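Novice: Attaching a single structure in structure tokens format; questions to follow.
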Amino acid sequence: MSSDTTSATIGPVEGAQYDADNPAPYIEAPRKRTGKTPRATRGNFEMAAWLFMRLSGVVLVVLVLGHLLIQLFLDGGVSKIGFAFVAGRWASPFWQVWDLLMLWLAMLHGANGLRTVINDYAERANTRLWLKGLLYTATVFTILLGTLVIFTFDPNIR
Amino acid sequence: MATPVLDKVEAESAASPYITVTMRIRRFNPEVSDAVVWEDFQIEIDPKERVLDALHKIKWDVDGTLTFRRSCAHGICGSDAMRINGKNRLACKTLIKDINPEKPITVEAIKGLTVLKDLVVDMEPFFQAYRDVMPFLVTKGNEPTRERLQTAEDRERFDDTTKCILCAACTSSCPVFWNDGQYFGPAAIVNAHRFIFDSRDEAGEQRLEILNDKDGVWRCRTTFNCTDACPRGIEVTKAIQEVKRALITRRF
């Protein structure tokens with residue numbers, strides 16, 4: 001009787017009808033600490049990652065802005081870029097180190113940022129696993145390929 | 001001798017102060033349906049009254065099945081945090097006139113916690129995080145015969161975070177908490193901050209270690225939702241940043 005009046009106030013609902021003896025299923029709060037909840041981790045990885053983001057960000061501002069300035073604005077701008085221009089720059093160890101540093105910092109910075117985005121937005125453990133797997137594979141591949149190119153670059157290649 | 005101005009004011013207040021307000025409430029009753037319903041209530045209310053008064057009016061005069069928590073009703077107990085017009089507030093500290101009563105006022109349960117009925121959520125995960133940071137004084141050695149003394153400056157250091165009333169407005173406004181709910185949440189960190197920076201306490205190191213966890217302070221994205229939501233005006237994000245700084249300076 002009482003459940004009739006409540007449903008009348010709330011309005012008709014589709015699907016299964018529930019009452020006091022048969023309530024709608026309880027949705028377990030995600031945060032609930034159950035026996036299956038993994039033990040808290042003790043380590044400084046998250047702190048190191050957080051610090052790395054700040055420090056690499058500061059260095060990258062200089063590296064990337066300098067890179068853009070040289071590539072796109074100074075001395076003829078974008079039209080001068082060609083194989084000869086790159087070969088000329090990489091003849092100097094200074095630019096090799098610059099580009100290497102920029103490659104590693106930018107890739108790790110971006111990968112770590114995406115890692116936190118995945119942690120924050122991917123809700124299911126499996127989705128997280130796959131997205132992170134893809135991310136780490138792409139990161140390692142790009143870093144290794146880029147490093148290989150910088151170190152084995154041959155200006156006389158035909 | 002009353003002036004004409006006073007007479008006019010009295011005449012105006014003698015007229016009905018009541019206005020008609022639409023309260024749009026997100027209702028959920030597991031004994032009726034597993035779906036939520038937005039329900040509108042038209043009530044006559046003085047705009048100088050609070051949202052809690054409007055809810056009382058509905059519960060007492062219109063629909064007794066409306067369910068919500070409130071205890072002291074004066075902003076001290078922290079029972080009635082809810083999402084009013086899309087923002088976490090205490091219903092007992094929000095005046096109707098301050099939230100544009102011309103439009104329907106939406107009221108819903110705070111997010112990120114399981115809704116039990118209407119505006120009542122399961123607070124257990126929230127308090128679990130609170131308990132995890134050991135929110136009590138820990139000391140070593142002999143107990144002093146009198147109170148533990150502290151200078152005014154030492155007390156001032158953590159004064160802001162002593163104001164927390166555990167209403168969960170901050171934690172349930174945090175987008176990181178909304179996702180998987182594993183993040184400790186601003187409220188737990190605020191209460192850890194209260195003891196970490198207390199000169200009388202000796203377990204600061206332990207608490208910092210707990211918050212150095214992967215779901216600890218490093219998941220904070222500095223979105224300031226918590227500072228905006230806090231009904232006590234605690235600078236929550238600043239407190240979290242201070243814990244981060246303490247963690248870093250402790251190591252290096």
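Naming scheme: A, B, ... for chains in displayed order of the structure tokens; residues 1 onward per chain; ligands 1 onward as shown.
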With only C-alpha atoms as the counted atoms, please give the residues lying no more than 9 Å from Pro47 (chain B), apart from itself and same-chain residues fewer than 4 positions off, as a VMD selection string.
Specialist: chain B and resid 17 to 19 21 95 to 98 101
Novice: May I have the residues of chain B within 6 Å of chain A, counting only C-alpha atoms, written as number ranges by chain?
Specialist: B: 30-34, 114, 125, 181-182, 213-214
Novice: Kindly export the residues of the current selection with N, CA, C and O atoms, as an mmCIF file, in the first residue's frame.
Specialist:
data_model
loop_
_atom_site.group_PDB
_atom_site.id
_atom_site.type_symbol
_atom_site.label_atom_id
_atom_site.label_comp_id
_atom_site.auth_asym_id
_atom_site.auth_seq_id
_atom_site.Cartn_x
_atom_site.Cartn_y
_atom_site.Cartn_z
ATOM 1 N N PRO B 30 15.530 2.944 -3.778
ATOM 2 C CA PRO B 30 15.792 1.566 -4.235
ATOM 3 C C PRO B 30 14.597 0.654 -4.036
ATOM 4 O O PRO B 30 14.550 -0.431 -4.609
ATOM 5 N N GLU B 31 13.619 1.079 -3.214
ATOM 6 C CA GLU B 31 12.454 0.236 -2.997
ATOM 7 C C GLU B 31 11.382 0.473 -4.053
ATOM 8 O O GLU B 31 10.343 -0.187 -4.046
ATOM 9 N N VAL B 32 11.621 1.437 -4.940
ATOM 10 C CA VAL B 32 10.652 1.702 -6.003
ATOM 11 C C VAL B 32 11.264 1.382 -7.364
ATOM 12 O O VAL B 32 10.660 0.723 -8.194
ATOM 13 N N SER B 33 12.507 1.856 -7.558
ATOM 14 C CA SER B 33 13.118 1.678 -8.865
ATOM 15 C C SER B 33 14.631 1.768 -8.725
ATOM 16 O O SER B 33 15.139 2.347 -7.769
ATOM 17 N N ASP B 34 15.328 1.214 -9.717
ATOM 18 C CA ASP B 34 16.776 1.364 -9.699
ATOM 19 C C ASP B 34 17.195 2.573 -10.530
ATOM 20 O O ASP B 34 18.375 2.780 -10.767
ATOM 21 N N THR B 114 28.189 6.291 -3.169
ATOM 22 C CA THR B 114 26.977 5.558 -3.516
ATOM 23 C C THR B 114 25.746 6.208 -2.889
ATOM 24 O O THR B 114 25.735 6.480 -1.693
ATOM 25 N N PRO B 125 33.273 5.098 2.556
ATOM 26 C CA PRO B 125 34.584 5.236 1.894
ATOM 27 C C PRO B 125 35.278 6.539 2.264
ATOM 28 O O PRO B 125 36.498 6.578 2.422
ATOM 29 N N GLY B 181 37.663 6.575 -7.357
ATOM 30 C CA GLY B 181 37.417 6.630 -5.924
ATOM 31 C C GLY B 181 38.536 6.088 -5.062
ATOM 32 O O GLY B 181 38.345 5.840 -3.881
ATOM 33 N N GLN B 182 39.713 5.883 -5.620
ATOM 34 C CA GLN B 182 40.825 5.367 -4.820
ATOM 35 C C GLN B 182 41.657 6.492 -4.203
ATOM 36 O O GLN B 182 42.370 6.267 -3.235
ATOM 37 N N ASP B 213 51.704 7.664 -1.086
ATOM 38 C CA ASP B 213 51.165 6.526 -1.811
ATOM 39 C C ASP B 213 50.761 6.933 -3.232
ATOM 40 O O ASP B 213 50.634 8.114 -3.538
ATOM 41 N N LYS B 214 50.540 5.937 -4.100
ATOM 42 C CA LYS B 214 50.157 6.290 -5.465
ATOM 43 C C LYS B 214 48.771 6.941 -5.530
ATOM 44 O O LYS B 214 48.457 7.647 -6.470
#
Novice: Report as a short mmCIF file (atom, residue, chain, number, x, y, z; two decimals) with all heavy atoms, in the first residue's frame: the residues of region 29-246 of chain B with a DSSP assignment of strand (DSSP E or B), based on the backbone of this structure.
Specialist:
data_model
loop_
_atom_site.label_atom_id
_atom_site.label_comp_id
_atom_site.auth_asym_id
_atom_site.auth_seq_id
_atom_site.Cartn_x
_atom_site.Cartn_y
_atom_site.Cartn_z
N VAL B 37 15.13 9.83 -10.62
CA VAL B 37 14.11 10.70 -11.21
C VAL B 37 14.30 12.11 -10.68
O VAL B 37 14.56 12.30 -9.50
CB VAL B 37 12.69 10.21 -10.82
CG1 VAL B 37 11.64 11.05 -11.52
CG2 VAL B 37 12.52 8.75 -11.12
N TRP B 38 14.20 13.09 -11.59
CA TRP B 38 14.19 14.49 -11.14
C TRP B 38 12.75 14.86 -10.86
O TRP B 38 11.89 14.72 -11.72
CB TRP B 38 14.77 15.42 -12.20
CG TRP B 38 16.26 15.33 -12.31
CD1 TRP B 38 16.96 14.55 -13.16
CD2 TRP B 38 17.22 16.07 -11.56
NE1 TRP B 38 18.31 14.74 -12.97
CE2 TRP B 38 18.50 15.68 -11.99
CE3 TRP B 38 17.13 17.02 -10.53
CZ2 TRP B 38 19.67 16.20 -11.47
CZ3 TRP B 38 18.29 17.54 -10.00
CH2 TRP B 38 19.55 17.13 -10.47
N GLU B 39 12.48 15.36 -9.65
CA GLU B 39 11.11 15.70 -9.29
C GLU B 39 11.05 17.18 -8.91
O GLU B 39 11.90 17.67 -8.17
CB GLU B 39 10.65 14.84 -8.12
CG GLU B 39 9.15 14.88 -7.94
CD GLU B 39 8.68 13.99 -6.81
OE1 GLU B 39 9.52 13.35 -6.16
OE2 GLU B 39 7.46 13.99 -6.56
N ASP B 40 10.02 17.87 -9.44
CA ASP B 40 9.85 19.30 -9.14
C ASP B 40 8.85 19.50 -8.02
O ASP B 40 7.81 18.86 -7.98
CB ASP B 40 9.35 20.04 -10.39
CG ASP B 40 10.49 20.31 -11.36
OD1 ASP B 40 11.59 19.84 -11.08
OD2 ASP B 40 10.25 20.97 -12.38
N PHE B 41 9.18 20.38 -7.09
CA PHE B 41 8.25 20.78 -6.03
C PHE B 41 8.09 22.29 -6.08
O PHE B 41 9.09 23.01 -6.09
CB PHE B 41 8.78 20.38 -4.65
CG PHE B 41 8.89 18.91 -4.42
CD1 PHE B 41 10.09 18.25 -4.66
CD2 PHE B 41 7.80 18.18 -3.97
CE1 PHE B 41 10.19 16.88 -4.46
CE2 PHE B 41 7.90 16.83 -3.75
CZ PHE B 41 9.09 16.16 -4.00
N GLN B 42 6.84 22.77 -6.12
CA GLN B 42 6.59 24.21 -6.05
C GLN B 42 6.28 24.54 -4.61
O GLN B 42 5.34 23.99 -4.03
CB GLN B 42 5.38 24.57 -6.92
CG GLN B 42 5.55 24.24 -8.38
CD GLN B 42 6.08 25.41 -9.18
OE1 GLN B 42 6.09 26.53 -8.67
NE2 GLN B 42 6.52 25.16 -10.40
N ILE B 43 7.06 25.42 -4.00
CA ILE B 43 6.75 25.78 -2.62
C ILE B 43 6.78 27.29 -2.45
O ILE B 43 7.46 28.00 -3.19
CB ILE B 43 7.72 25.12 -1.62
CG1 ILE B 43 9.17 25.38 -2.04
CG2 ILE B 43 7.47 23.64 -1.48
CD1 ILE B 43 10.15 25.13 -0.94
N GLU B 44 6.05 27.74 -1.45
CA GLU B 44 6.05 29.15 -1.08
C GLU B 44 7.08 29.31 0.02
O GLU B 44 7.02 28.63 1.04
CB GLU B 44 4.67 29.54 -0.52
CG GLU B 44 3.52 29.36 -1.50
CD GLU B 44 3.47 30.52 -2.47
OE1 GLU B 44 3.47 31.68 -2.01
OE2 GLU B 44 3.47 30.26 -3.69
N ILE B 45 8.04 30.21 -0.20
CA ILE B 45 9.07 30.36 0.82
C ILE B 45 9.62 31.77 0.81
O ILE B 45 9.63 32.44 -0.23
CB ILE B 45 10.20 29.31 0.62
CG1 ILE B 45 11.05 29.20 1.88
CG2 ILE B 45 11.03 29.62 -0.60
CD1 ILE B 45 11.90 27.97 1.93
N ARG B 50 16.74 29.36 4.03
CA ARG B 50 17.82 28.57 3.45
C ARG B 50 17.27 27.40 2.64
O ARG B 50 16.08 27.07 2.75
CB ARG B 50 18.71 28.02 4.57
CG ARG B 50 19.20 29.09 5.51
CD ARG B 50 19.61 28.50 6.83
NE ARG B 50 18.50 27.80 7.48
CZ ARG B 50 18.65 27.02 8.54
NH1 ARG B 50 19.84 26.83 9.06
NH2 ARG B 50 17.61 26.41 9.07
N ALA B 81 25.77 18.37 3.42
CA ALA B 81 26.42 18.76 2.17
C ALA B 81 25.66 18.15 1.01
O ALA B 81 25.34 16.96 1.03
CB ALA B 81 27.87 18.29 2.16
N MET B 82 25.31 18.96 0.02
CA MET B 82 24.65 18.44 -1.17
C MET B 82 25.00 19.33 -2.36
O MET B 82 25.58 20.39 -2.20
CB MET B 82 23.14 18.31 -0.96
CG MET B 82 22.48 19.48 -0.28
SD MET B 82 20.78 19.09 0.19
CE MET B 82 20.96 18.21 1.72
N ARG B 83 24.68 18.83 -3.54
CA ARG B 83 25.01 19.54 -4.76
C ARG B 83 23.83 20.42 -5.12
O ARG B 83 22.81 19.94 -5.61
CB ARG B 83 25.28 18.51 -5.84
CG ARG B 83 26.25 18.91 -6.90
CD ARG B 83 26.62 17.66 -7.67
NE ARG B 83 26.75 17.97 -9.08
CZ ARG B 83 27.86 18.42 -9.63
NH1 ARG B 83 28.91 18.62 -8.90
NH2 ARG B 83 27.91 18.67 -10.93
N ILE B 84 23.94 21.72 -4.85
CA ILE B 84 22.85 22.65 -5.07
C ILE B 84 23.21 23.52 -6.27
O ILE B 84 24.26 24.17 -6.26
CB ILE B 84 22.61 23.52 -3.82
CG1 ILE B 84 22.25 22.62 -2.63
CG2 ILE B 84 21.52 24.54 -4.08
CD1 ILE B 84 22.33 23.30 -1.30
N LYS B 87 26.72 22.83 -7.54
CA LYS B 87 27.89 23.18 -6.75
C LYS B 87 27.70 22.59 -5.36
O LYS B 87 26.60 22.67 -4.80
CB LYS B 87 27.99 24.71 -6.68
CG LYS B 87 29.29 25.24 -6.14
CD LYS B 87 29.34 26.76 -6.37
CE LYS B 87 30.60 27.40 -5.78
NZ LYS B 87 30.58 27.55 -4.34
N ASN B 88 28.76 22.02 -4.82
CA ASN B 88 28.64 21.43 -3.49
C ASN B 88 28.54 22.52 -2.44
O ASN B 88 29.41 23.39 -2.34
CB ASN B 88 29.86 20.56 -3.19
CG ASN B 88 29.79 19.23 -3.89
OD1 ASN B 88 28.82 18.94 -4.58
ND2 ASN B 88 30.80 18.41 -3.68
N ARG B 89 27.48 22.46 -1.63
CA ARG B 89 27.32 23.43 -0.55
C ARG B 89 26.60 22.75 0.61
O ARG B 89 26.05 21.67 0.46
CB ARG B 89 26.45 24.62 -0.98
CG ARG B 89 26.74 25.17 -2.35
CD ARG B 89 25.68 26.18 -2.72
NE ARG B 89 25.48 26.21 -4.15
CZ ARG B 89 25.58 27.31 -4.90
NH1 ARG B 89 25.86 28.45 -4.35
NH2 ARG B 89 25.38 27.27 -6.19
N LEU B 90 26.60 23.45 1.75
CA LEU B 90 25.78 23.01 2.87
C LEU B 90 24.40 23.62 2.68
O LEU B 90 24.27 24.84 2.52
CB LEU B 90 26.37 23.47 4.20
CG LEU B 90 27.72 22.88 4.62
CD1 LEU B 90 28.09 23.39 6.00
CD2 LEU B 90 27.67 21.37 4.64
N LEU B 95 21.43 30.51 1.29
CA LEU B 95 20.15 31.21 1.28
C LEU B 95 19.51 31.10 -0.11
O LEU B 95 20.21 31.12 -1.12
CB LEU B 95 20.34 32.69 1.63
CG LEU B 95 20.91 32.98 3.02
CD1 LEU B 95 20.90 34.48 3.29
CD2 LEU B 95 20.15 32.25 4.09
N ILE B 105 15.68 25.44 -8.61
CA ILE B 105 16.90 25.17 -7.84
C ILE B 105 17.10 23.66 -7.83
O ILE B 105 16.26 22.91 -7.34
CB ILE B 105 16.75 25.72 -6.41
CG1 ILE B 105 16.65 27.24 -6.45
CG2 ILE B 105 17.91 25.27 -5.56
CD1 ILE B 105 16.25 27.86 -5.14
N THR B 106 18.20 23.20 -8.42
CA THR B 106 18.44 21.76 -8.44
C THR B 106 19.17 21.34 -7.17
O THR B 106 20.11 22.00 -6.73
CB THR B 106 19.26 21.34 -9.66
OG1 THR B 106 20.55 21.96 -9.57
CG2 THR B 106 18.62 21.77 -10.95
N VAL B 107 18.71 20.25 -6.61
CA VAL B 107 19.34 19.69 -5.42
C VAL B 107 19.58 18.21 -5.68
O VAL B 107 18.66 17.50 -6.07
CB VAL B 107 18.45 19.86 -4.17
CG1 VAL B 107 19.15 19.28 -2.95
CG2 VAL B 107 18.11 21.32 -3.93
N GLU B 108 20.84 17.76 -5.51
CA GLU B 108 21.12 16.34 -5.69
C GLU B 108 22.17 15.90 -4.68
O GLU B 108 22.79 16.74 -4.01
CB GLU B 108 21.61 16.06 -7.12
CG GLU B 108 22.80 16.88 -7.52
CD GLU B 108 23.10 16.81 -9.01
OE1 GLU B 108 23.33 15.70 -9.48
OE2 GLU B 108 23.12 17.87 -9.67
N VAL B 115 24.74 6.46 -3.72
CA VAL B 115 23.50 7.03 -3.19
C VAL B 115 22.68 5.92 -2.55
O VAL B 115 22.45 4.87 -3.15
CB VAL B 115 22.69 7.70 -4.32
CG1 VAL B 115 21.39 8.25 -3.75
CG2 VAL B 115 23.48 8.81 -4.96
N LEU B 116 22.26 6.12 -1.31
CA LEU B 116 21.44 5.13 -0.62
C LEU B 116 19.95 5.43 -0.84
O LEU B 116 19.17 4.55 -1.13
CB LEU B 116 21.75 5.12 0.88
CG LEU B 116 23.19 4.76 1.23
CD1 LEU B 116 23.39 4.81 2.73
CD2 LEU B 116 23.54 3.37 0.70
N LYS B 117 19.60 6.72 -0.68
CA LYS B 117 18.22 7.12 -0.96
C LYS B 117 18.21 8.64 -1.10
O LYS B 117 18.82 9.34 -0.27
CB LYS B 117 17.29 6.68 0.16
CG LYS B 117 15.83 6.94 -0.17
CD LYS B 117 14.91 6.50 0.95
CE LYS B 117 13.47 6.83 0.59
NZ LYS B 117 12.54 6.53 1.65
N VAL B 120 20.80 11.00 0.47
CA VAL B 120 21.67 10.33 1.45
C VAL B 120 22.65 9.42 0.72
O VAL B 120 22.25 8.59 -0.09
CB VAL B 120 20.82 9.51 2.44
CG1 VAL B 120 21.72 8.70 3.36
CG2 VAL B 120 19.92 10.42 3.25
N VAL B 121 23.96 9.62 0.98
CA VAL B 121 24.97 8.78 0.35
C VAL B 121 25.67 7.95 1.42
O VAL B 121 25.61 8.25 2.61
CB VAL B 121 26.02 9.62 -0.41
CG1 VAL B 121 25.40 10.36 -1.55
CG2 VAL B 121 26.74 10.56 0.54
#
Novice: Here is a test: counting only C-alpha atoms, which residue of B:Val236, B:Val176, B:Ala187, B:Ile248 is nearest to Gly112 (chain B)?
Specialist: B:Val176
Novice: I need the residues of chain A that end up classed as alpha helix (DSSP H) by DSSP on the backbone, written out as JSON, numbers by chain.
Specialist: {"A": [2, 3, 4, 5, 6, 7, 8, 9, 10, 45, 46, 47, 48, 49, 50, 51, 52, 53, 54, 55, 56, 57, 58, 59, 60, 61, 62, 63, 64, 65, 66, 67, 68, 83, 84, 85, 86, 87, 88, 89, 90, 93, 94, 95, 96, 97, 98, 99, 100, 101, 102, 103, 104, 105, 106, 107, 108, 109, 110, 111, 112, 113, 114, 115, 116, 117, 118, 119, 120, 121, 125, 126, 127, 128, 129, 130, 131, 132, 133, 134, 135, 136, 137, 138, 139, 140, 141, 142, 143, 144, 145, 146, 147, 148, 149, 150, 151, 152]}
Novice: So what do you get for CA of Ser79 (chain A) versus CA of Trp104 (chain A), distance-wise?
Specialist: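 Those two atoms sit 26.9 Å apart.
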Novice: Can you tell me which residues surround region 130-146 of chain A at a distance of at most 8 Å, considering only C-alpha atoms, apart from same-chain residues fewer than 4 positions away, and format the answer as a list of chain:residue names?
Specialist: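 What passes the distance filter is A:Leu100, A:Leu103, A:Trp104, A:Met107, A:Leu108, A:Ala111, A:Leu114, A:Arg115, A:Ile118, A:Asn126, A:Ile150.
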Novice: I'd like the contact shell of region 57-60 of chain A - 8 Å cut-off, only C-alpha atoms, skipping same-chain residues fewer than 6 positions apart - returned as JSON, numbers by chain.
Specialist: {"A": [102, 105, 106, 109]}
Novice: List the neighbours of Ala188 (chain B) out to 9 Å using only C-alpha atoms; skip same-chain residues closer than 4 positions along the sequence, and give me the result as a PyMOL selection string.
Specialist: chain B and resi 126-127+129-133+135+166+171+184+192-193
Novice: Pick out the residues sitting within 9 Å of Gly75 (chain B), and hand them over as a VMD selection string; count only C-alpha atoms, and ignore anything fewer than 6 positions along from it in its own chain.
Specialist: chain B and resid 90 to 93 165 231 to 232
